[in-house]
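With mmCIF, C-alpha atoms inside, this is run.cif:
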```cif
data_final
#
loop_
_atom_site.label_atom_id
_atom_site.label_comp_id
_atom_site.auth_asym_id
_atom_site.auth_seq_id
_atom_site.Cartn_x
_atom_site.Cartn_y
_atom_site.Cartn_z
CA MET E 72 28.07 -18.39 -61.96
CA PHE E 73 28.69 -19.32 -65.59
CA GLU E 74 32.34 -18.33 -65.78
CA GLY E 75 34.24 -20.47 -68.25
CA VAL E 76 31.22 -21.63 -70.23
CA SER E 77 29.81 -18.35 -71.54
CA THR E 78 30.98 -19.11 -75.07
CA ARG E 79 28.70 -22.13 -75.11
CA ILE E 80 25.65 -19.84 -75.28
CA THR E 81 24.92 -19.87 -79.00
CA LEU E 82 23.99 -16.38 -80.15
CA ILE E 83 21.82 -17.77 -82.92
CA LEU E 84 19.33 -14.94 -83.08
CA ILE E 85 21.44 -12.22 -84.69
CA ALA E 86 19.69 -12.49 -88.04
CA GLY E 87 16.18 -11.22 -88.45
CA GLY E 88 14.39 -8.04 -89.33
CA CYS E 89 12.37 -5.59 -87.31
CA ALA E 90 9.40 -6.72 -85.27
CA LEU E 91 5.97 -6.32 -86.77
CA PRO E 92 3.29 -4.44 -84.84
CA CYS E 93 1.63 -6.68 -82.26
CA ALA E 94 -2.06 -7.16 -81.82
CA ARG E 95 -3.80 -5.31 -79.04
CA PRO E 96 -3.60 -6.99 -75.61
CA CYS E 97 -6.87 -8.75 -74.95
CA ALA E 98 -9.12 -8.30 -71.95
CA GLY E 99 -11.44 -10.84 -70.36
CA GLN E 100 -11.61 -14.52 -71.24
CA VAL E 101 -9.86 -15.77 -74.36
CA PRO E 102 -9.57 -19.20 -76.00
CA ALA E 103 -7.11 -21.58 -74.45
CA GLY E 104 -4.52 -21.70 -77.22
CA ARG E 105 -2.51 -24.85 -77.88
CA LEU E 106 -0.34 -26.70 -75.39
CA GLU E 107 2.18 -29.34 -76.48
CA GLU E 108 3.37 -31.05 -73.32
CA ARG E 109 6.64 -32.39 -74.74
CA VAL E 110 8.61 -31.17 -77.76
CA THR E 111 12.03 -32.58 -78.65
CA SER E 112 14.73 -30.12 -79.65
CA PRO E 113 15.61 -30.26 -83.35
CA THR E 114 19.32 -29.93 -82.55
CA ASP E 115 19.66 -32.12 -79.43
CA THR E 116 17.28 -35.03 -78.90
CA SER E 117 18.21 -35.21 -75.21
CA GLN E 118 16.55 -31.83 -74.71
CA THR E 119 12.77 -31.51 -74.36
CA PHE E 120 10.44 -28.68 -73.44
CA ALA E 121 6.76 -27.86 -73.12
CA LEU E 122 5.36 -25.44 -75.69
CA TYR E 123 2.39 -23.07 -75.52
CA LEU E 124 1.04 -21.22 -78.57
CA PRO E 125 -1.51 -18.49 -77.82
CA PRO E 126 -4.99 -18.26 -79.39
CA GLY E 127 -4.87 -17.11 -83.00
CA TYR E 128 -1.23 -18.05 -83.43
CA THR E 129 -0.15 -17.62 -87.04
CA THR E 130 3.13 -17.32 -88.88
CA GLU E 131 1.93 -14.07 -90.46
CA ARG E 132 3.02 -11.92 -87.52
CA ARG E 133 5.71 -11.85 -84.85
CA TRP E 134 5.10 -13.06 -81.29
CA PRO E 135 7.02 -12.40 -78.05
CA VAL E 136 8.36 -15.57 -76.43
CA LEU E 137 8.97 -16.47 -72.78
CA PHE E 138 11.58 -19.12 -71.93
CA VAL E 139 10.84 -20.66 -68.51
CA LEU E 140 13.73 -22.22 -66.56
CA ASP E 141 12.39 -24.17 -63.60
CA PRO E 142 15.12 -25.21 -61.12
CA ARG E 143 13.93 -28.83 -61.12
CA GLY E 144 12.94 -29.15 -64.76
CA ARG E 145 9.21 -29.06 -63.96
CA ALA E 146 8.32 -27.73 -67.38
CA LEU E 147 4.53 -27.88 -67.09
CA LEU E 148 4.47 -26.38 -63.60
CA GLY E 149 6.45 -23.35 -64.76
CA LEU E 150 4.55 -22.94 -68.03
CA LYS E 151 1.10 -23.07 -66.48
CA LEU E 152 1.91 -20.24 -64.07
CA PHE E 153 2.15 -17.90 -67.07
CA GLN E 154 -0.32 -19.57 -69.45
CA ASP E 155 -3.45 -17.49 -68.75
CA ALA E 156 -1.60 -14.20 -69.17
CA ALA E 157 0.16 -15.49 -72.30
CA ALA E 158 -3.25 -16.30 -73.77
CA ARG E 159 -4.53 -12.78 -73.04
CA LEU E 160 -1.44 -10.99 -74.28
CA GLY E 161 -0.41 -13.22 -77.16
CA TRP E 162 2.87 -14.73 -75.94
CA VAL E 163 4.52 -18.02 -76.88
CA ILE E 164 6.01 -20.02 -73.97
CA LEU E 165 8.80 -22.62 -74.01
CA SER E 166 9.52 -24.33 -70.69
CA SER E 167 12.41 -26.79 -70.35
CA TYR E 168 12.39 -30.24 -68.75
CA ASN E 169 16.20 -30.13 -68.45
CA THR E 170 16.94 -27.03 -66.37
CA LEU E 171 18.44 -27.49 -62.91
CA SER E 172 19.60 -25.53 -59.88
CA ASP E 173 22.23 -26.30 -57.23
CA GLY E 174 24.65 -27.82 -59.68
CA PRO E 175 26.99 -27.10 -62.59
CA PRO E 176 25.85 -24.59 -65.23
CA GLU E 177 26.06 -26.89 -68.25
CA PRO E 178 22.49 -28.35 -68.02
CA ASN E 179 21.01 -24.85 -68.16
CA VAL E 180 23.34 -23.75 -70.95
CA ASP E 181 22.34 -26.80 -73.00
CA ALA E 182 18.63 -26.32 -72.25
CA MET E 183 18.77 -22.66 -73.22
CA ASN E 184 20.59 -23.40 -76.46
CA ALA E 185 18.04 -26.09 -77.35
CA MET E 186 15.13 -23.67 -76.92
CA LEU E 187 16.97 -20.93 -78.82
CA ALA E 188 17.49 -23.38 -81.70
CA TRP E 189 13.75 -23.98 -81.84
CA ALA E 190 13.15 -20.23 -81.83
CA ARG E 191 15.61 -19.76 -84.70
CA ALA E 192 13.68 -22.30 -86.74
CA HIS E 193 10.43 -20.34 -86.28
CA PRO E 194 10.65 -16.85 -87.85
CA SER E 195 7.22 -15.99 -86.43
CA LEU E 196 8.90 -15.33 -83.05
CA ASP E 197 9.97 -11.74 -82.40
CA ARG E 198 13.73 -11.94 -81.95
CA THR E 199 13.84 -8.56 -80.24
CA ARG E 200 11.33 -9.69 -77.60
CA LEU E 201 12.75 -12.75 -75.90
CA TYR E 202 12.03 -13.02 -72.17
CA LEU E 203 13.48 -15.33 -69.53
CA ALA E 204 11.84 -16.50 -66.30
CA GLY E 205 13.67 -18.37 -63.57
CA PHE E 206 13.29 -19.27 -59.93
CA SER E 207 16.04 -19.54 -57.30
CA GLY E 208 19.24 -20.71 -59.02
CA THR E 209 17.68 -20.43 -62.47
CA ALA E 210 16.70 -16.83 -61.71
CA ARG E 211 20.42 -16.13 -61.42
CA GLY E 212 21.00 -18.11 -64.59
CA ALA E 213 18.33 -16.13 -66.44
CA LEU E 214 19.99 -12.84 -65.45
CA THR E 215 23.36 -14.16 -66.65
CA PHE E 216 21.90 -15.36 -69.96
CA ALA E 217 20.23 -11.98 -70.48
CA VAL E 218 23.63 -10.28 -70.48
CA MET E 219 25.01 -12.88 -72.91
CA LEU E 220 22.02 -12.40 -75.23
CA ARG E 221 21.82 -8.63 -74.92
CA GLY E 222 19.92 -7.06 -77.80
CA HIS E 223 17.50 -9.96 -77.99
CA VAL E 224 16.38 -10.42 -74.38
CA ALA E 225 13.90 -7.67 -73.53
CA GLY E 226 13.25 -8.70 -69.95
CA VAL E 227 13.80 -11.14 -67.11
CA ILE E 228 11.42 -12.42 -64.44
CA ALA E 229 13.70 -13.43 -61.56
CA VAL E 230 11.93 -15.09 -58.61
CA GLY E 231 13.57 -15.97 -55.30
CA GLY E 232 17.11 -15.32 -56.47
CA ALA E 233 19.41 -12.53 -57.64
CA LEU E 234 23.03 -11.86 -58.49
CA GLY E 235 25.49 -9.97 -56.35
CA PHE E 236 26.96 -6.78 -57.75
CA ALA E 237 29.73 -7.21 -60.32
CA LEU E 238 31.07 -5.03 -63.10
CA GLY E 239 29.57 -6.42 -66.26
CA GLY E 240 26.58 -7.77 -64.35
CA PRO E 241 23.05 -7.03 -65.57
CA GLU E 242 22.61 -3.78 -63.66
CA THR E 243 25.70 -2.33 -65.36
CA ALA E 244 25.35 -4.10 -68.73
CA PHE E 245 21.83 -2.68 -69.18
CA ALA E 246 22.44 0.69 -67.50
CA GLY E 247 20.16 3.33 -69.01
CA ASP E 248 18.63 0.82 -71.45
CA SER E 249 14.89 1.44 -71.72
CA THR E 250 14.39 -1.63 -73.94
CA PHE E 251 15.30 -4.07 -71.13
CA ALA E 252 13.22 -4.64 -67.99
CA TYR E 253 13.73 -6.54 -64.73
CA PHE E 254 10.82 -7.99 -62.77
CA GLY E 255 11.85 -9.42 -59.40
CA ALA E 256 9.64 -11.31 -56.95
CA ALA E 257 10.09 -13.05 -53.62
CA GLY E 258 7.92 -14.62 -50.95
CA THR E 259 7.73 -12.91 -47.57
CA ARG E 260 9.33 -16.02 -45.96
CA ASP E 261 11.91 -16.53 -48.72
CA PHE E 262 15.48 -16.68 -47.43
CA ASN E 263 16.52 -14.82 -50.62
CA TYR E 264 13.98 -12.02 -50.05
CA GLU E 265 16.53 -9.31 -49.26
CA GLU E 266 18.81 -10.11 -52.19
CA VAL E 267 15.88 -9.76 -54.61
CA LEU E 268 14.98 -6.35 -53.18
CA ALA E 269 18.63 -5.29 -53.26
CA MET E 270 18.94 -6.17 -56.94
CA GLY E 271 15.85 -4.11 -57.71
CA ASP E 272 17.45 -1.15 -55.90
CA ARG E 273 20.61 -1.51 -57.99
CA PHE E 274 18.65 -1.60 -61.25
CA ARG E 275 16.87 1.60 -60.22
CA MET E 276 20.21 3.25 -59.48
CA THR E 277 21.46 2.41 -62.99
CA HIS E 278 18.18 3.62 -64.55
CA VAL E 279 17.02 0.23 -65.77
CA PRO E 280 13.21 -0.23 -65.80
CA SER E 281 12.42 -2.50 -62.88
CA ARG E 282 9.62 -3.77 -60.67
CA VAL E 283 9.90 -5.84 -57.51
CA MET E 284 6.83 -7.46 -55.98
CA THR E 285 6.44 -9.63 -52.89
CA PHE E 286 3.87 -12.28 -52.09
CA GLU E 287 2.88 -14.21 -49.00
CA GLY E 288 4.79 -17.45 -48.85
CA PRO E 289 8.16 -19.22 -48.69
CA HIS E 290 10.88 -19.86 -51.30
CA HIS E 291 8.61 -20.75 -54.21
CA TRP E 292 7.28 -19.62 -57.59
CA PRO E 293 4.65 -16.87 -57.16
CA PRO E 294 0.94 -17.58 -57.69
CA PRO E 295 -0.40 -17.34 -61.27
CA ASP E 296 -1.95 -13.90 -60.76
CA LEU E 297 1.42 -12.37 -59.88
CA CYS E 298 3.03 -14.18 -62.83
CA GLY E 299 0.32 -12.59 -64.98
CA ASP E 300 1.16 -9.18 -63.52
CA ALA E 301 4.77 -9.77 -64.54
CA LEU E 302 3.86 -10.44 -68.17
CA GLU E 303 1.50 -7.45 -68.28
CA TRP E 304 4.19 -5.16 -66.90
CA LEU E 305 6.70 -6.45 -69.45
CA GLU E 306 4.11 -5.81 -72.17
CA LEU E 307 3.81 -2.24 -70.88
CA ARG E 308 7.58 -1.83 -70.90
CA ALA E 309 7.73 -3.12 -74.49
CA MET E 310 5.34 -0.33 -75.49
CA LEU E 311 7.29 2.31 -73.58
CA GLY E 312 10.60 1.04 -74.97
CA GLY E 313 9.40 1.08 -78.58
CA LEU E 314 9.47 -2.69 -79.01
CA ARG E 315 5.78 -2.84 -79.91
CA THR E 316 3.03 -0.42 -80.86
CA MET E 317 1.49 1.67 -78.12
CA ASP E 318 -2.07 0.82 -77.03
CA SER E 319 -3.14 3.88 -75.04
CA GLY E 320 -6.52 2.45 -74.05
CA TRP E 321 -4.93 -0.67 -72.59
CA VAL E 322 -2.29 1.41 -70.79
CA ARG E 323 -4.87 3.74 -69.25
CA ALA E 324 -6.94 0.79 -68.02
CA ARG E 325 -3.85 -0.75 -66.42
CA LEU E 326 -2.86 2.59 -64.90
CA ALA E 327 -6.31 2.98 -63.33
CA GLY E 328 -6.03 -0.47 -61.80
CA GLU E 329 -2.59 0.22 -60.36
CA LEU E 330 -3.68 3.56 -58.91
CA ALA E 331 -6.62 1.84 -57.22
CA ARG E 332 -4.31 -0.84 -55.84
CA ALA E 333 -1.87 1.73 -54.42
CA ALA E 334 -4.72 3.61 -52.73
CA GLU E 335 -6.02 0.34 -51.26
CA LEU E 336 -2.59 -0.49 -49.84
CA GLU E 337 -2.34 2.94 -48.23
CA ARG E 338 -5.82 2.67 -46.69
CA GLY E 339 -4.85 -0.73 -45.29
CA GLY E 340 -1.79 0.70 -43.55
CA ARG E 341 0.64 -1.12 -45.86
CA TRP E 342 2.57 2.08 -46.45
CA ALA E 343 5.88 0.59 -47.59
CA GLU E 344 4.14 -1.42 -50.31
CA ALA E 345 2.03 1.60 -51.27
CA LEU E 346 5.16 3.75 -51.56
CA ARG E 347 6.91 1.16 -53.72
CA LEU E 348 3.91 0.95 -56.06
CA ASP E 349 3.39 4.73 -56.20
CA ASP E 350 7.05 5.17 -57.16
CA ALA E 351 6.69 2.52 -59.87
CA ILE E 352 3.53 4.14 -61.25
CA ALA E 353 5.16 7.57 -61.35
CA HIS E 354 8.09 6.12 -63.29
CA ASP E 355 6.25 3.81 -65.70
CA TYR E 356 3.38 6.16 -66.56
CA ALA E 357 5.20 9.50 -66.48
CA GLN E 358 3.65 10.61 -69.78
CA TRP E 359 0.10 10.17 -68.47
CA PRO E 360 -1.31 12.99 -66.28
CA GLU E 361 -3.08 10.51 -63.98
CA ALA E 362 0.31 9.30 -62.72
CA ARG E 363 0.87 12.65 -60.97
CA ASP E 364 -1.44 11.49 -58.18
CA ALA E 365 0.90 8.58 -57.46
CA ALA E 366 3.95 10.84 -57.47
CA GLY E 367 2.26 13.17 -54.98
CA ARG E 368 1.28 10.32 -52.70
CA ALA E 369 4.85 9.01 -52.77
CA VAL E 370 6.16 12.39 -51.60
CA GLY E 371 3.66 12.44 -48.75
CA LEU E 372 4.45 8.89 -47.66
CA ARG E 373 8.18 9.60 -47.58
CA GLN E 374 7.55 12.45 -45.13
CA SER E 375 5.59 10.19 -42.78
CA THR E 376 7.33 9.67 -39.45
CA VAL E 377 5.94 6.15 -39.22
CA LEU E 378 7.33 5.19 -42.63
CA VAL E 379 10.70 6.80 -41.91
CA LYS E 380 11.02 4.61 -38.81
CA TYR E 381 9.76 1.57 -40.73
CA GLU E 382 12.35 1.97 -43.47
CA ALA E 383 15.17 2.51 -40.95
CA GLU E 384 14.21 -0.75 -39.24
CA ALA E 385 13.93 -2.51 -42.61
CA ARG E 386 17.48 -1.41 -43.47
CA ARG E 387 18.77 -2.68 -40.13
CA LEU E 388 17.17 -6.06 -40.66
CA ALA E 389 18.43 -6.25 -44.25
CA GLU E 390 21.97 -5.69 -42.95
CA ARG E 391 21.44 -8.46 -40.37
CA ASP E 392 20.25 -10.73 -43.18
CA LEU E 393 23.42 -9.98 -45.15
CA ARG E 394 25.63 -10.71 -42.12
CA GLN E 395 23.93 -14.04 -41.56
CA GLY E 396 24.50 -15.02 -45.18
CA ILE E 397 28.21 -14.24 -44.83
CA GLU E 398 28.69 -15.84 -41.41
CA LEU E 399 26.57 -18.96 -41.88
CA PRO E 400 29.23 -21.14 -43.57
CA LYS E 401 31.60 -20.53 -40.65
CA ILE E 402 28.94 -21.22 -38.04
CA LEU E 403 28.00 -24.53 -39.67
CA ALA E 404 31.48 -25.82 -38.81
CA TRP E 405 30.90 -25.28 -35.07
CA ALA E 406 29.00 -27.18 -32.40
CA PRO E 407 26.47 -27.27 -30.89
CA LEU E 408 24.74 -26.02 -34.01
CA ALA E 409 21.38 -25.05 -32.50
CA ASP E 410 23.08 -22.65 -30.07
CA LYS E 411 25.49 -21.10 -32.57
CA LEU E 412 22.73 -20.66 -35.16
CA ARG E 413 20.48 -18.98 -32.55
CA ILE E 414 17.61 -21.21 -33.65
CA ALA E 415 15.58 -20.94 -30.43
CA GLU E 416 16.01 -17.14 -30.31
CA LEU E 417 14.91 -16.78 -33.93
CA GLN E 418 11.92 -19.05 -33.32
CA ARG E 419 10.78 -16.90 -30.39
CA THR E 420 11.12 -13.76 -32.49
CA ALA E 421 9.30 -15.34 -35.44
CA GLU E 422 6.27 -15.95 -33.21
CA ARG E 423 5.76 -12.23 -32.54
CA GLY E 424 3.02 -11.73 -35.12
CA ASP E 425 3.36 -9.51 -38.17
CA SER E 426 6.19 -7.22 -37.10
CA LEU E 427 9.14 -6.50 -39.38
CA GLU E 428 11.41 -8.27 -36.90
CA ALA E 429 9.24 -11.39 -36.90
CA ALA E 430 9.12 -11.50 -40.71
CA SER E 431 12.90 -11.13 -40.86
CA ALA E 432 13.38 -13.90 -38.28
CA ARG E 433 11.22 -16.25 -40.35
CA ARG E 434 13.41 -15.62 -43.39
CA LEU E 435 16.61 -16.15 -41.38
CA LEU E 436 15.22 -19.44 -40.06
CA ALA E 437 14.32 -20.46 -43.61
CA ARG E 438 17.90 -19.83 -44.74
CA VAL E 439 19.33 -21.83 -41.85
CA PHE E 440 16.87 -24.63 -42.55
CA VAL E 441 17.66 -24.98 -46.26
CA HIS E 442 21.37 -25.16 -45.42
CA VAL E 443 21.15 -27.73 -42.63
CA ALA E 444 18.40 -29.79 -44.28
CA PHE E 445 19.76 -29.84 -47.83
CA TYR E 446 22.98 -28.11 -48.87
CA GLU E 447 25.25 -29.19 -46.01
CA PRO E 448 24.02 -32.83 -45.77
CA ARG E 449 24.36 -33.19 -49.53
CA ALA E 450 27.96 -31.96 -49.40
CA TYR E 451 28.88 -34.20 -46.46
CA LEU E 452 27.33 -37.28 -48.07
CA ALA E 453 29.25 -36.57 -51.27
CA ASP E 454 32.42 -36.43 -49.16
CA GLY E 455 31.60 -39.76 -47.50
CA THR E 456 30.90 -38.36 -44.02
CA PRO E 457 27.28 -39.34 -43.20
CA ALA E 458 27.75 -38.66 -39.49
CA ARG E 459 28.25 -34.96 -40.22
CA ALA E 460 25.25 -35.01 -42.53
CA LEU E 461 23.15 -36.40 -39.66
CA ARG E 462 24.42 -33.66 -37.37
CA MET E 463 23.09 -31.08 -39.82
CA LEU E 464 19.79 -32.88 -40.20
CA GLU E 465 19.38 -33.06 -36.42
CA ALA E 466 19.63 -29.26 -36.34
CA ALA E 467 17.10 -29.06 -39.18
CA VAL E 468 14.38 -30.96 -37.31
CA THR E 469 14.52 -28.39 -34.51
CA ILE E 470 13.18 -25.91 -37.11
CA GLY E 471 10.75 -27.99 -39.13
CA PRO E 472 10.05 -31.37 -40.74
CA ILE E 473 12.39 -32.85 -43.33
CA GLU E 474 10.60 -32.82 -46.69
CA GLY E 475 11.06 -33.19 -50.43
CA GLU E 476 14.56 -33.80 -51.77
CA ALA E 477 16.02 -33.66 -48.26
CA CYS E 478 14.25 -36.95 -47.48
CA ALA E 479 16.53 -38.82 -49.87
CA LEU E 480 19.53 -37.31 -48.09
CA LEU E 481 18.15 -38.35 -44.70
CA ARG E 482 17.61 -41.94 -45.83
CA GLU E 483 21.14 -42.11 -47.23
CA ALA E 484 22.63 -40.73 -44.02
CA LEU E 485 20.59 -43.11 -41.84
CA ALA E 486 21.94 -46.15 -43.69
CA ALA E 487 25.15 -45.80 -41.66
CA ALA E 488 23.52 -44.55 -38.44
CA THR E 489 23.19 -46.16 -35.05
CA ALA E 490 19.79 -47.21 -33.78
CA GLU E 491 19.84 -44.28 -31.36
CA GLN E 492 20.50 -41.85 -34.20
CA ARG E 493 17.72 -43.40 -36.26
CA ALA E 494 15.30 -43.00 -33.38
CA ARG E 495 15.86 -39.24 -33.39
CA PHE E 496 14.32 -39.05 -36.85
CA ALA E 497 11.22 -41.14 -36.19
CA GLY E 498 8.30 -39.69 -38.13
CA GLN E 499 10.44 -37.73 -40.57
CA CYS E 500 9.83 -38.47 -44.27
CA GLY E 501 7.54 -41.39 -43.44
CA ILE E 502 10.30 -43.11 -41.49
CA ALA E 503 8.90 -45.18 -38.62
CA PHE E 504 10.54 -47.31 -35.95
CA ARG E 505 9.46 -50.68 -34.66
CA ASN E 506 10.71 -52.43 -31.53
CA ALA E 507 10.71 -56.09 -32.51
CA SER E 508 10.83 -57.55 -28.97
CA ASN E 509 8.73 -54.85 -27.31
CA THR E 510 11.72 -53.74 -25.23
CA ARG E 511 13.62 -50.43 -25.23
CA SER E 512 16.98 -51.87 -26.31
CA ASP E 513 18.60 -49.66 -28.88
CA HIS E 514 20.00 -52.56 -30.88
CA GLN E 515 16.49 -53.91 -31.39
CA LEU E 516 15.12 -50.72 -32.95
CA ARG E 517 14.33 -50.91 -36.67
CA TYR E 518 13.05 -48.39 -39.15
CA ARG E 519 11.14 -48.58 -42.40
CA VAL E 520 10.49 -46.04 -45.14
CA SER E 521 6.93 -45.55 -46.26
CA SER E 522 6.44 -46.25 -49.96
CA ALA E 523 4.34 -43.09 -50.14
CA SER E 524 7.05 -40.76 -48.90
CA ALA E 525 8.54 -38.19 -51.26
#
```
Go through the file and emit its structure as structure tokens.
Amino acid sequence: MFEGVSTRITLILIAGGCALPCARPCAGQVPAGRLEERVTSPTDTSQTFALYLPPGYTTERRWPVLFVLDPRGRALLGLKLFQDAAARLGWVILSSYNTLSDGPPEPNVDAMNAMLAWARAHPSLDRTRLYLAGFSGTARGALTFAVMLRGHVAGVIAVGGALGFALGGPETAFAGDSTFAYFGAAGTRDFNYEEVLAMGDRFRMTHVPSRVMTFEGPHHWPPPDLCGDALEWLELRAMLGGLRTMDSGWVRARLAGELARAAELERGGRWAEALRLDDAIAHDYAQWPEARDAAGRAVGLRQSTVLVKYEAEARRLAERDLRQGIELPKILAWAPLADKLRIAELQRTAERGDSLEAASARRLLARVFVHVAFYEPRAYLADGTPARALRMLEAAVTIGPIEGEACALLREALAAATAEQRARFAGQCGIAFRNASNTRSDHQLRYRVSSASA
């Protein structure tokens, strides 16, 4: 993803001594800390970021720091997802206004370098405990940057995006490294759900500490409580990897909570999630006797006939997901799109409740939708072929409403459309049609764009 520009990542954090012992993670409510909504980089005035300093921040000790890379440069949105946990645990957060997804790598390289420059200028930050958090395209960027900054980056939170396997990729670069940790997350309707799970599997195979968690929802940042779980788990991994002092009381309290959660999942019939958590507990808390219960439950769950069948079906659907990702670019060149993309079939399957097949169909539909509503129209408009962009958007509205950034693409494509084509998009993105003479003549149809539309 960043081939050809890797040398532009400034490895400015080589200097610096050992980390000082960290304060004990706090429980319960803590003061709010200090939020600076916009800080200008000392080395590049075009770069700005939001900054959060936790309660009690002082230059007399070292603090872990989280760099947040939102794919649309929504610095405050990304920062606030992690703010409560950062206050409890004592983390500094920098969140860029300049990071982007779905484009060239340079904006993210420049944004990362600007935040690293600020970190270099503040010796109170622990240069062995830098963490990166990204979503979608910036999740992939964060994983790439982690390899470039190996020895300083202690963990990555990668949401809704992952890298494919490659020699020299993060799963091989960090193989057997207990001081690095990967936390992956994806929504249950995220079209990148399977790739996130697959990356977690590869990290486990190369003996890299890893956790993957799912949440109800589409392709989006997780809710704040899951973001807090991510920071707490990375704090645990820092203790286990020798990057900070061990706090046995805090660890035991967290272990008790995770054991209770795994038991609750099993009682609720969510056996696959229970198995994943039991395995994680057995690995992360191996030195604590209480973790043996989780290891025993994991063995029992694996022998369950129901779970064996469930996992076989999950593998089949994951393979189907992979095939769709490979075949989709070819299918998008054919017509009629709705038939070739099997949209109606997937919609029928998606309506079958909470089955594995229905959940998979919803993710496949989400992938088709993001391609025909955004990626393909954007490419065709850039090539000067708005008619093809409209063809993609017509397929998109058979799945769901056009929203967000796709609305700008729709308006651009409609500028060169016939009245009949415009009529097909009535109601999308606040676009309405008015028949000036109260007749049905196509040439008399007009449309307007609501000033309130996104």
Report task. Can you work out the spacing between CA of Asp300 in chain E and CA of Met284 in chain E in Å, to one decimal? Result ->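 Answer for the CA of Asp300 in chain E to CA of Met284 in chain E separation: 9.6 Å.
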Report task. Could you check how far CA of Leu203 in chain E sits from CA of Glu476 in chain E, in Å to one decimal? Result ->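 According to the coordinates, CA of Leu203 in chain E and CA of Glu476 in chain E are separated by 25.6 Å.
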Requested in this report: Could you expand the PyMOL selection byres ((chain E and resi 278) around 6) into the explicit residues it covers here, written as a PyMOL selection string?
Outcome: chain E and resi 246-247+275-277+279
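Across the model, the gap from CA of Ala430 in chain E to CA of Ala477 in chain E is 24.4 Å.
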Query - Near-Val230 in chain E list (7 Å; all atoms listed in the file; drop same-chain fewer than 3 positions) as a list in words - result: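 Answer for this query is Gly205, Phe206, Ser207, Ala210, Gly255, Ala256, Ala257 and Trp292 of chain E.
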